[in-house]
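Below is one structure, written out as structure tokens; the observations come after it.
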Protein chains: 2
Amino acid sequence: MRAARAPVELAEAKGRGYYSIGRAAELTGVTAKMIRHYESQGLIPKANRTVGDYRVYSASDLHALRFIRRARDLGFSIKEIESLLGLWRNQRRASEQVKRLAVQHIAALDRKISELQSMRATLADLAAHCQGDERPQCPILDDLGRCSGDQRRK
Amino acid sequence: MRAARAPVELAEAKGRGYYSIGRAAELTGVTAKMIRHYESQGLIPKANRTVGDYRVYSASDLHALRFIRRARDLGFSIKEIESLLGLWRNQRRASEQVKRLAVQHIAALDRKISELQSMRATLADLAAHCQGDERPQCPILDDLGRCSGDQRRK
DNA sequence: CTTGACCTTCCCATGGTAGGAAGGTTCATC
DNA sequence: GATGAACCTTCCTACCATGGGAAGGTCAAG
């Protein structure tokens with residue numbers, strides 16, 4: 001029997017309900033690469049290691065990884081996820097703070113969406129006027145090449 | 001008719017209708033940084049230089065830069081712009097080729113848009129159920145932390 | 001000749017993800 | 001107890017478009 005906090009062997013860790021990084025990746029949908037990356041960025045705490053220096057993850061570590069995965073699927077940036085994780089772990093948070101982050105993010109998504117929609121509309125309009133045949137005449141290129149109004153960026 | 005390809009002085013170049021990189025940037029909305037970058041990437045040909053090694057741009061160079069700027073505003077990638085520029089310069093292109101690129105890009109924009117819309121919808125739904133008050137109970141965090149279905153990536 | 005605006009090149013950073021090389025660990029099977 | 005596969009380790013590179021900044025050269029005007 002090994003003394004308390006000394007690094008353990010992989011098999012033993014598994015027996016105690018720990019998971020290797022590959023298994024954690026499978027179970028959470030976050031690649032092993034990204035788990036290491038998040039650790040190096042400080043988004044998640046440094047994982048415990050076995051004697052062979054393998055990372056091991058507990059069920060609650062997996063829980064956090066799933067949280068991250070889900071938040072990324074919703075388009076939150078790593079910084080935002082850092083905040084969300086903080087609130088998640090803080091039992092005394094006010095849901096108002098969480099909602100504020102969510103609402104801000106919704107607004108950001110809306111901005112992105114309407115930006116893309118405006119591109120799409122312009123391009124669809126151009127394409128609609130293009131014959132799309134073997135002739136060289138093309139309103140799309142004509143438009144792209146035209147000297148348009150204000151060239152200066154915001 | 002200008003005698004040779006010998007580099008000229010800046011003042012002389014300006015007199016002949018050439019523009020410095022800073023001026024070109026102002027006039028096209030493409031920053032000087034990006035103009036150099038595009039040149040290094042081969043998107044635009046190497047600029048002519050003065051004896052002092054300053055880049056100079058002709059009116060038609062500016063035209064191409066505006067083309068690039070406009071295409072980027074429409075969300076085309078550099079690779080796509082490379083193709084578009086090729087077609088633009090080729091007087092014998094078929095407008096069909098241009099249209100195909102445009103249509104493909106519209107489809108890509110549509111995919112992005114609906115991806116963002118789906119994120120937005122999920123998040124708005126979560127936010128709608130969150131009281132947003134001083135209490136810690138929060139459906140947004142609850143959802144993020146919940147073990148959802150299939151974690152494996154495509 | 002000096003000043004200051006403008007230019008040059010070169011390096012570094014962003015953000016999120018992935019690929020790969022070179023080498024060590026674990027574990028099951030012979 | 002050796003071998004080989006599967007897995008892990010660290011470290012470096014790349015993507016894409018953009019921008020920041022340093023160190024130094026060029027140019028026009030005073």
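Each chain in the structure tokens gets a letter, A, B, ..., in the order shown, and its residues are numbered from 1; ligands are numbered from 1 in order too.
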Sorted by chain and rising residue number, list the residues of chain B at most 12 Å from chain D (counting only C-alpha atoms (C1' of nucleotides)), each with its closest atom pair and distance in Å to one decimal, as CSV.
residue,atom,partner,partner_atom,distance
B:Glu9,CA,D:DC27,C1',9.8
B:Leu10,CA,D:DC27,C1',8.2
B:Ala11,CA,D:DC27,C1',8.9
B:Val30,CA,D:DT18,C1',11.2
B:Thr31,CA,D:DT18,C1',9.8
B:Ala32,CA,D:DG19,C1',11.0
B:Lys33,CA,D:DG19,C1',8.1
B:Met34,CA,D:DT18,C1',7.7
B:Ile35,CA,D:DT18,C1',11.5
B:His37,CA,D:DA17,C1',9.7
B:Tyr38,CA,D:DA17,C1',10.4
B:Gln41,CA,D:DA17,C1',11.9
B:Thr50,CA,D:DT26,C1',10.3
B:Val51,CA,D:DT26,C1',9.6
B:Gly52,CA,D:DT26,C1',6.1
B:Asp53,CA,D:DT26,C1',8.7
B:Tyr54,CA,D:DT26,C1',8.4
B:Arg72,CA,D:DA17,C1',10.1
B:Gly75,CA,D:DA17,C1',11.5
B:Phe76,CA,D:DA17,C1',11.6
B:Ser77,CA,D:DC16,C1',8.6
B:Ile78,CA,D:DC16,C1',8.7
B:Lys79,CA,D:DC16,C1',10.5
Please produce an output containing N, CA and C atoms for each residue in the selection, written as a compact mmCIF listing (two decimals), in the first residue's frame.
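As written to disk, part-v1.txt reads:
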# COMPACT_ATOMS: atom_id res chain seq x y z
N GLU B 9 13.13 58.29 -58.16
CA GLU B 9 12.98 58.90 -56.84
C GLU B 9 11.50 59.05 -56.52
N LEU B 10 11.24 59.22 -55.28
CA LEU B 10 9.86 59.24 -54.84
C LEU B 10 9.08 60.40 -55.45
N ALA B 11 9.66 61.57 -55.42
CA ALA B 11 8.97 62.75 -55.95
C ALA B 11 8.63 62.54 -57.41
N VAL B 30 -6.94 49.40 -47.47
CA VAL B 30 -6.12 48.26 -47.07
C VAL B 30 -4.91 48.84 -46.34
N THR B 31 -4.65 48.42 -45.13
CA THR B 31 -3.53 49.02 -44.39
C THR B 31 -2.20 48.72 -45.07
N ALA B 32 -1.22 49.58 -44.81
CA ALA B 32 0.11 49.38 -45.37
C ALA B 32 0.65 48.01 -44.95
N LYS B 33 0.42 47.68 -43.69
CA LYS B 33 0.80 46.36 -43.19
C LYS B 33 0.26 45.25 -44.08
N MET B 34 -1.00 45.34 -44.38
CA MET B 34 -1.63 44.27 -45.15
C MET B 34 -1.18 44.27 -46.60
N ILE B 35 -0.90 45.46 -47.14
CA ILE B 35 -0.41 45.51 -48.51
C ILE B 35 0.91 44.75 -48.61
N HIS B 37 1.91 42.49 -46.59
CA HIS B 37 1.61 41.09 -46.33
C HIS B 37 1.10 40.40 -47.60
N TYR B 38 0.20 41.03 -48.29
CA TYR B 38 -0.35 40.44 -49.51
C TYR B 38 0.75 40.25 -50.54
N GLN B 41 2.73 37.27 -49.63
CA GLN B 41 1.98 36.05 -49.89
C GLN B 41 1.79 35.77 -51.37
N THR B 50 11.33 52.79 -55.44
CA THR B 50 12.13 53.98 -55.75
C THR B 50 13.58 53.66 -55.43
N VAL B 51 14.49 54.58 -55.73
CA VAL B 51 15.90 54.37 -55.38
C VAL B 51 16.05 54.18 -53.87
N GLY B 52 15.21 54.84 -53.11
CA GLY B 52 15.27 54.70 -51.65
C GLY B 52 14.57 53.45 -51.16
N ASP B 53 14.17 52.58 -52.08
CA ASP B 53 13.55 51.30 -51.77
C ASP B 53 12.11 51.42 -51.27
N TYR B 54 11.49 52.55 -51.50
CA TYR B 54 10.09 52.70 -51.14
C TYR B 54 9.22 52.04 -52.20
N ARG B 72 -12.78 40.93 -49.44
CA ARG B 72 -12.65 40.55 -48.03
C ARG B 72 -13.86 41.01 -47.24
N GLY B 75 -16.29 38.58 -47.20
CA GLY B 75 -15.97 37.37 -46.47
C GLY B 75 -15.19 36.32 -47.25
N PHE B 76 -14.72 36.67 -48.43
CA PHE B 76 -13.91 35.71 -49.18
C PHE B 76 -12.56 35.53 -48.49
N SER B 77 -12.06 34.31 -48.50
CA SER B 77 -10.74 34.06 -47.96
C SER B 77 -9.69 34.50 -48.96
N ILE B 78 -8.45 34.56 -48.50
CA ILE B 78 -7.37 34.97 -49.39
C ILE B 78 -7.25 34.03 -50.58
N LYS B 79 -7.41 32.75 -50.34
CA LYS B 79 -7.31 31.79 -51.45
C LYS B 79 -8.40 32.05 -52.47
What would you get as a PDB file with C-alpha atoms, in the first residue's frame if chain A were moved onto chain B by least squares over all of its C-alpha atoms in order?
ATOM      1  CA  MET A   1      16.340  62.446 -67.414  1.00  0.00           C
ATOM      2  CA  ARG A   2      16.593  58.922 -66.203  1.00  0.00           C
ATOM      3  CA  ALA A   3      16.829  55.935 -68.495  1.00  0.00           C
ATOM      4  CA  ALA A   4      13.739  53.812 -68.927  1.00  0.00           C
ATOM      5  CA  ARG A   5      13.315  51.099 -66.260  1.00  0.00           C
ATOM      6  CA  ALA A   6      15.858  52.249 -63.747  1.00  0.00           C
ATOM      7  CA  PRO A   7      14.309  52.864 -60.337  1.00  0.00           C
ATOM      8  CA  VAL A   8      13.030  56.371 -60.068  1.00  0.00           C
ATOM      9  CA  GLU A   9      12.798  58.798 -57.229  1.00  0.00           C
ATOM     10  CA  LEU A  10       9.653  59.126 -55.237  1.00  0.00           C
ATOM     11  CA  ALA A  11       8.757  62.603 -56.425  1.00  0.00           C
ATOM     12  CA  GLU A  12       9.203  61.574 -60.004  1.00  0.00           C
ATOM     13  CA  ALA A  13       7.079  58.465 -59.518  1.00  0.00           C
ATOM     14  CA  LYS A  14       4.338  60.558 -58.015  1.00  0.00           C
ATOM     15  CA  GLY A  15       4.495  62.877 -60.972  1.00  0.00           C
ATOM     16  CA  ARG A  16       3.926  59.888 -63.203  1.00  0.00           C
ATOM     17  CA  GLY A  17       0.772  58.903 -61.385  1.00  0.00           C
ATOM     18  CA  TYR A  18       2.252  56.486 -58.879  1.00  0.00           C
ATOM     19  CA  TYR A  19       1.333  56.357 -55.217  1.00  0.00           C
ATOM     20  CA  SER A  20       3.309  55.525 -52.101  1.00  0.00           C
ATOM     21  CA  ILE A  21       2.099  52.641 -49.986  1.00  0.00           C
ATOM     22  CA  GLY A  22       0.593  54.978 -47.406  1.00  0.00           C
ATOM     23  CA  ARG A  23      -1.355  56.839 -50.041  1.00  0.00           C
ATOM     24  CA  ALA A  24      -2.444  53.562 -51.630  1.00  0.00           C
ATOM     25  CA  ALA A  25      -3.679  52.436 -48.242  1.00  0.00           C
ATOM     26  CA  GLU A  26      -5.709  55.604 -47.803  1.00  0.00           C
ATOM     27  CA  LEU A  27      -7.191  55.309 -51.254  1.00  0.00           C
ATOM     28  CA  THR A  28      -8.108  51.651 -51.110  1.00  0.00           C
ATOM     29  CA  GLY A  29      -8.956  50.981 -47.480  1.00  0.00           C
ATOM     30  CA  VAL A  30      -6.293  48.284 -47.279  1.00  0.00           C
ATOM     31  CA  THR A  31      -3.702  49.104 -44.633  1.00  0.00           C
ATOM     32  CA  ALA A  32      -0.059  49.436 -45.635  1.00  0.00           C
ATOM     33  CA  LYS A  33       0.630  46.476 -43.388  1.00  0.00           C
ATOM     34  CA  MET A  34      -1.806  44.343 -45.287  1.00  0.00           C
ATOM     35  CA  ILE A  35      -0.595  45.490 -48.694  1.00  0.00           C
ATOM     36  CA  ARG A  36       2.904  44.306 -47.799  1.00  0.00           C
ATOM     37  CA  HIS A  37       1.425  41.128 -46.418  1.00  0.00           C
ATOM     38  CA  TYR A  38      -0.535  40.413 -49.585  1.00  0.00           C
ATOM     39  CA  GLU A  39       2.574  41.007 -51.620  1.00  0.00           C
ATOM     40  CA  SER A  40       4.556  38.581 -49.491  1.00  0.00           C
ATOM     41  CA  GLN A  41       1.797  36.006 -49.897  1.00  0.00           C
ATOM     42  CA  GLY A  42       1.874  36.439 -53.645  1.00  0.00           C
ATOM     43  CA  LEU A  43      -1.706  37.679 -53.808  1.00  0.00           C
ATOM     44  CA  ILE A  44      -0.510  40.790 -55.604  1.00  0.00           C
ATOM     45  CA  PRO A  45       2.655  41.098 -57.689  1.00  0.00           C
ATOM     46  CA  LYS A  46       5.768  42.669 -56.226  1.00  0.00           C
ATOM     47  CA  ALA A  47       5.438  46.415 -56.298  1.00  0.00           C
ATOM     48  CA  ASN A  48       7.836  48.616 -58.233  1.00  0.00           C
ATOM     49  CA  ARG A  49      10.361  50.416 -56.075  1.00  0.00           C
ATOM     50  CA  THR A  50      11.982  53.820 -56.046  1.00  0.00           C
ATOM     51  CA  VAL A  51      15.719  54.262 -55.663  1.00  0.00           C
ATOM     52  CA  GLY A  52      15.091  54.626 -51.962  1.00  0.00           C
ATOM     53  CA  ASP A  53      13.397  51.207 -52.024  1.00  0.00           C
ATOM     54  CA  TYR A  54       9.916  52.604 -51.424  1.00  0.00           C
ATOM     55  CA  ARG A  55       7.053  50.715 -53.012  1.00  0.00           C
ATOM     56  CA  VAL A  56       5.021  52.605 -55.616  1.00  0.00           C
ATOM     57  CA  TYR A  57       1.572  51.752 -56.931  1.00  0.00           C
ATOM     58  CA  SER A  58      -0.148  52.591 -60.197  1.00  0.00           C
ATOM     59  CA  ALA A  59      -3.837  53.348 -60.612  1.00  0.00           C
ATOM     60  CA  SER A  60      -4.444  49.805 -61.751  1.00  0.00           C
ATOM     61  CA  ASP A  61      -2.634  48.449 -58.713  1.00  0.00           C
ATOM     62  CA  LEU A  62      -5.049  50.466 -56.597  1.00  0.00           C
ATOM     63  CA  HIS A  63      -7.876  48.979 -58.554  1.00  0.00           C
ATOM     64  CA  ALA A  64      -6.760  45.482 -57.631  1.00  0.00           C
ATOM     65  CA  LEU A  65      -6.396  46.481 -54.000  1.00  0.00           C
ATOM     66  CA  ARG A  66      -9.941  47.780 -53.942  1.00  0.00           C
ATOM     67  CA  PHE A  67     -11.062  44.526 -55.491  1.00  0.00           C
ATOM     68  CA  ILE A  68      -9.392  42.624 -52.694  1.00  0.00           C
ATOM     69  CA  ARG A  69     -10.829  44.895 -50.064  1.00  0.00           C
ATOM     70  CA  ARG A  70     -14.319  44.482 -51.398  1.00  0.00           C
ATOM     71  CA  ALA A  71     -14.009  40.717 -51.638  1.00  0.00           C
ATOM     72  CA  ARG A  72     -12.787  40.518 -48.060  1.00  0.00           C
ATOM     73  CA  ASP A  73     -15.721  42.631 -46.964  1.00  0.00           C
ATOM     74  CA  LEU A  74     -17.880  39.947 -48.521  1.00  0.00           C
ATOM     75  CA  GLY A  75     -16.111  37.341 -46.433  1.00  0.00           C
ATOM     76  CA  PHE A  76     -14.061  35.643 -49.138  1.00  0.00           C
ATOM     77  CA  SER A  77     -10.890  34.003 -47.910  1.00  0.00           C
ATOM     78  CA  ILE A  78      -7.525  34.919 -49.369  1.00  0.00           C
ATOM     79  CA  LYS A  79      -7.485  31.706 -51.379  1.00  0.00           C
ATOM     80  CA  GLU A  80     -10.867  32.454 -52.828  1.00  0.00           C
ATOM     81  CA  ILE A  81      -9.794  35.984 -53.628  1.00  0.00           C
ATOM     82  CA  GLU A  82      -6.786  34.572 -55.419  1.00  0.00           C
ATOM     83  CA  SER A  83      -9.152  32.664 -57.684  1.00  0.00           C
ATOM     84  CA  LEU A  84     -11.416  35.641 -58.147  1.00  0.00           C
ATOM     85  CA  LEU A  85      -8.483  37.859 -59.052  1.00  0.00           C
ATOM     86  CA  GLY A  86      -7.391  35.311 -61.614  1.00  0.00           C
ATOM     87  CA  LEU A  87     -10.815  35.337 -63.208  1.00  0.00           C
ATOM     88  CA  TRP A  88     -10.990  39.089 -62.984  1.00  0.00           C
ATOM     89  CA  ARG A  89      -7.775  39.492 -64.910  1.00  0.00           C
ATOM     90  CA  ASN A  90      -8.676  36.851 -67.431  1.00  0.00           C
ATOM     91  CA  GLN A  91     -10.734  38.459 -70.148  1.00  0.00           C
ATOM     92  CA  ARG A  92     -11.768  35.078 -71.484  1.00  0.00           C
ATOM     93  CA  ARG A  93     -13.210  33.665 -68.264  1.00  0.00           C
ATOM     94  CA  ALA A  94     -16.680  32.189 -68.209  1.00  0.00           C
ATOM     95  CA  SER A  95     -19.004  33.962 -65.805  1.00  0.00           C
ATOM     96  CA  GLU A  96     -20.156  30.512 -64.787  1.00  0.00           C
ATOM     97  CA  GLN A  97     -16.888  29.981 -62.948  1.00  0.00           C
ATOM     98  CA  VAL A  98     -17.326  33.176 -61.017  1.00  0.00           C
ATOM     99  CA  LYS A  99     -20.884  32.381 -60.167  1.00  0.00           C
ATOM    100  CA  ARG A 100     -19.899  28.969 -58.915  1.00  0.00           C
ATOM    101  CA  LEU A 101     -17.437  30.523 -56.478  1.00  0.00           C
ATOM    102  CA  ALA A 102     -20.055  33.000 -55.356  1.00  0.00           C
ATOM    103  CA  VAL A 103     -22.697  30.356 -54.833  1.00  0.00           C
ATOM    104  CA  GLN A 104     -20.302  28.176 -52.892  1.00  0.00           C
ATOM    105  CA  HIS A 105     -19.459  31.103 -50.709  1.00  0.00           C
ATOM    106  CA  ILE A 106     -23.112  31.890 -50.132  1.00  0.00           C
ATOM    107  CA  ALA A 107     -23.589  28.312 -48.980  1.00  0.00           C
ATOM    108  CA  ALA A 108     -20.653  28.646 -46.610  1.00  0.00           C
ATOM    109  CA  LEU A 109     -22.118  31.853 -45.207  1.00  0.00           C
ATOM    110  CA  ASP A 110     -25.437  30.093 -44.744  1.00  0.00           C
ATOM    111  CA  ARG A 111     -23.786  27.319 -42.798  1.00  0.00           C
ATOM    112  CA  LYS A 112     -22.052  29.815 -40.553  1.00  0.00           C
ATOM    113  CA  ILE A 113     -25.214  31.782 -40.044  1.00  0.00           C
ATOM    114  CA  SER A 114     -27.319  28.834 -39.056  1.00  0.00           C
ATOM    115  CA  GLU A 115     -24.615  27.590 -36.737  1.00  0.00           C
ATOM    116  CA  LEU A 116     -24.587  30.923 -34.962  1.00  0.00           C
ATOM    117  CA  GLN A 117     -28.347  31.077 -34.932  1.00  0.00           C
ATOM    118  CA  SER A 118     -28.556  27.732 -33.270  1.00  0.00           C
ATOM    119  CA  MET A 119     -26.090  28.845 -30.597  1.00  0.00           C
ATOM    120  CA  ARG A 120     -28.085  31.993 -30.146  1.00  0.00           C
ATOM    121  CA  ALA A 121     -31.360  30.122 -29.789  1.00  0.00           C
ATOM    122  CA  THR A 122     -29.986  27.742 -27.192  1.00  0.00           C
ATOM    123  CA  LEU A 123     -28.432  30.498 -25.208  1.00  0.00           C
ATOM    124  CA  ALA A 124     -31.485  32.731 -25.396  1.00  0.00           C
ATOM    125  CA  ASP A 125     -33.567  29.856 -24.167  1.00  0.00           C
ATOM    126  CA  LEU A 126     -31.282  29.300 -21.220  1.00  0.00           C
ATOM    127  CA  ALA A 127     -31.175  32.976 -20.423  1.00  0.00           C
ATOM    128  CA  ALA A 128     -34.930  33.223 -20.542  1.00  0.00           C
ATOM    129  CA  HIS A 129     -35.180  30.724 -17.728  1.00  0.00           C
ATOM    130  CA  CYS A 130     -32.616  32.451 -15.592  1.00  0.00           C
ATOM    131  CA  GLN A 131     -33.980  34.804 -12.981  1.00  0.00           C
ATOM    132  CA  GLY A 132     -30.905  36.990 -13.138  1.00  0.00           C
ATOM    133  CA  ASP A 133     -31.138  37.998  -9.510  1.00  0.00           C
ATOM    134  CA  GLU A 134     -28.906  37.746  -6.477  1.00  0.00           C
ATOM    135  CA  ARG A 135     -29.636  34.088  -5.867  1.00  0.00           C
ATOM    136  CA  PRO A 136     -27.134  31.454  -6.916  1.00  0.00           C
ATOM    137  CA  GLN A 137     -29.611  29.160  -8.612  1.00  0.00           C
ATOM    138  CA  CYS A 138     -28.931  29.402 -12.326  1.00  0.00           C
ATOM    139  CA  PRO A 139     -30.260  27.245 -15.171  1.00  0.00           C
ATOM    140  CA  ILE A 140     -27.533  28.452 -17.477  1.00  0.00           C
ATOM    141  CA  LEU A 141     -24.754  27.020 -15.357  1.00  0.00           C
ATOM    142  CA  ASP A 142     -26.873  23.984 -14.621  1.00  0.00           C
ATOM    143  CA  ASP A 143     -27.132  23.289 -18.311  1.00  0.00           C
ATOM    144  CA  LEU A 144     -23.474  23.881 -19.031  1.00  0.00           C
ATOM    145  CA  GLY A 145     -22.563  21.519 -16.236  1.00  0.00           C
ATOM    146  CA  ARG A 146     -24.987  18.828 -17.157  1.00  0.00           C
ATOM    147  CA  CYS A 147     -23.636  15.637 -18.673  1.00  0.00           C
ATOM    148  CA  SER A 148     -25.060  15.863 -22.130  1.00  0.00           C
ATOM    149  CA  GLY A 149     -25.474  13.109 -24.701  1.00  0.00           C
ATOM    150  CA  ASP A 150     -22.781  12.390 -27.230  1.00  0.00           C
ATOM    151  CA  GLN A 151     -19.526  14.039 -26.362  1.00  0.00           C
ATOM    152  CA  ARG A 152     -17.635  12.870 -29.410  1.00  0.00           C
ATOM    153  CA  ARG A 153     -16.846  15.425 -32.062  1.00  0.00           C
ATOM    154  CA  LYS A 154     -18.069  14.987 -35.610  1.00  0.00           C
TER     155      LYS A 154
END
Inset, instruction - From a DSSP calculation on the backbone, collect every residue of chain A in alpha helix (DSSP H) and output the set as a ChimeraX atom specification. - result: /A:10-15,21-28,32-41,59-73,78-89,95-128,139-145
Using only C-alpha atoms (C1' of nucleotides), which chain C residues lie at most 9 Å away from chain A, written as an mmCIF file with N, CA and C atoms (P, O5', C5', C4', C3', O3' and C1' of nucleotides), in the first residue's frame?
data_model
loop_
_atom_site.group_PDB
_atom_site.id
_atom_site.type_symbol
_atom_site.label_atom_id
_atom_site.label_comp_id
_atom_site.auth_asym_id
_atom_site.auth_seq_id
_atom_site.Cartn_x
_atom_site.Cartn_y
_atom_site.Cartn_z
ATOM 1 P P DG C 15 -6.194 35.964 -27.224
ATOM 2 O "O5'" DG C 15 -7.047 34.925 -28.046
ATOM 3 C "C5'" DG C 15 -7.751 35.335 -29.223
ATOM 4 C "C4'" DG C 15 -8.509 34.157 -29.754
ATOM 5 C "C3'" DG C 15 -8.527 32.951 -28.821
ATOM 6 O "O3'" DG C 15 -9.734 32.266 -29.033
ATOM 7 C "C1'" DG C 15 -7.322 32.388 -30.770
ATOM 8 P P DG C 16 -10.328 31.409 -27.898
ATOM 9 O "O5'" DG C 16 -10.330 29.982 -28.605
ATOM 10 C "C5'" DG C 16 -11.082 29.843 -29.803
ATOM 11 C "C4'" DG C 16 -10.583 28.643 -30.567
ATOM 12 C "C3'" DG C 16 -10.435 27.367 -29.731
ATOM 13 O "O3'" DG C 16 -11.289 26.410 -30.339
ATOM 14 C "C1'" DG C 16 -8.533 27.713 -31.110
ATOM 15 P P DT C 17 -11.437 24.928 -29.784
ATOM 16 O "O5'" DT C 17 -10.446 24.159 -30.732
ATOM 17 C "C5'" DT C 17 -10.649 24.253 -32.134
ATOM 18 C "C4'" DT C 17 -9.464 23.738 -32.877
ATOM 19 C "C3'" DT C 17 -9.021 22.319 -32.512
ATOM 20 O "O3'" DT C 17 -9.563 21.454 -33.501
ATOM 21 C "C1'" DT C 17 -7.193 23.768 -33.056
ATOM 22 P P DA C 18 -9.439 19.916 -33.341
ATOM 23 O "O5'" DA C 18 -8.070 19.638 -34.112
ATOM 24 C "C5'" DA C 18 -7.970 20.045 -35.461
ATOM 25 C "C4'" DA C 18 -6.541 19.920 -35.895
ATOM 26 C "C3'" DA C 18 -5.928 18.545 -35.638
ATOM 27 O "O3'" DA C 18 -5.678 17.969 -36.916
ATOM 28 C "C1'" DA C 18 -4.423 20.308 -35.132
ATOM 29 P P DG C 24 13.728 8.116 -23.733
ATOM 30 O "O5'" DG C 24 12.440 7.985 -22.792
ATOM 31 C "C5'" DG C 24 12.070 9.089 -21.966
ATOM 32 C "C4'" DG C 24 10.752 8.749 -21.306
ATOM 33 C "C3'" DG C 24 10.744 7.437 -20.529
ATOM 34 O "O3'" DG C 24 10.001 7.622 -19.326
ATOM 35 C "C1'" DG C 24 9.058 7.398 -22.174
ATOM 36 P P DT C 25 9.808 6.366 -18.367
ATOM 37 O "O5'" DT C 25 8.329 5.906 -18.737
ATOM 38 C "C5'" DT C 25 7.247 6.805 -18.483
ATOM 39 C "C4'" DT C 25 5.944 6.026 -18.473
ATOM 40 C "C3'" DT C 25 5.897 4.792 -17.598
ATOM 41 O "O3'" DT C 25 4.655 4.873 -16.904
ATOM 42 C "C1'" DT C 25 5.267 4.228 -19.804
ATOM 43 P P DT C 26 4.276 3.921 -15.728
ATOM 44 O "O5'" DT C 26 3.247 2.942 -16.429
ATOM 45 C "C5'" DT C 26 2.390 3.493 -17.425
ATOM 46 C "C4'" DT C 26 1.479 2.435 -18.005
ATOM 47 C "C3'" DT C 26 1.319 1.142 -17.218
ATOM 48 O "O3'" DT C 26 -0.071 0.867 -17.237
ATOM 49 C "C1'" DT C 26 1.967 0.639 -19.415
#
Inset, instruction - Write down as a ChimeraX atom specification the residues of region 30-137 of chain A whose backbone DSSP state falls under strand (DSSP E). - result: /A:48-49,55-57
Export of prior selection with N, CA and C atoms as an mmCIF file, in the first residue's frame:
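Below you can see selection17.cif, which holds the result:
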data_model
loop_
_atom_site.group_PDB
_atom_site.id
_atom_site.type_symbol
_atom_site.label_atom_id
_atom_site.label_comp_id
_atom_site.auth_asym_id
_atom_site.auth_seq_id
_atom_site.Cartn_x
_atom_site.Cartn_y
_atom_site.Cartn_z
ATOM 1 N N ASN A 48 -3.544 15.807 -11.655
ATOM 2 C CA ASN A 48 -2.688 14.912 -10.876
ATOM 3 C C ASN A 48 -1.943 13.994 -11.833
ATOM 4 N N ARG A 49 -0.796 13.493 -11.358
ATOM 5 C CA ARG A 49 0.011 12.637 -12.222
ATOM 6 C C ARG A 49 0.281 11.291 -11.554
ATOM 7 N N ARG A 55 -1.140 12.098 -16.813
ATOM 8 C CA ARG A 55 -2.204 12.865 -16.153
ATOM 9 C C ARG A 55 -3.376 11.935 -15.827
ATOM 10 N N VAL A 56 -4.018 12.185 -14.685
ATOM 11 C CA VAL A 56 -5.236 11.434 -14.354
ATOM 12 C C VAL A 56 -6.340 12.408 -13.960
ATOM 13 N N TYR A 57 -7.566 12.033 -14.323
ATOM 14 C CA TYR A 57 -8.711 12.924 -14.122
ATOM 15 C C TYR A 57 -9.800 12.247 -13.313
#
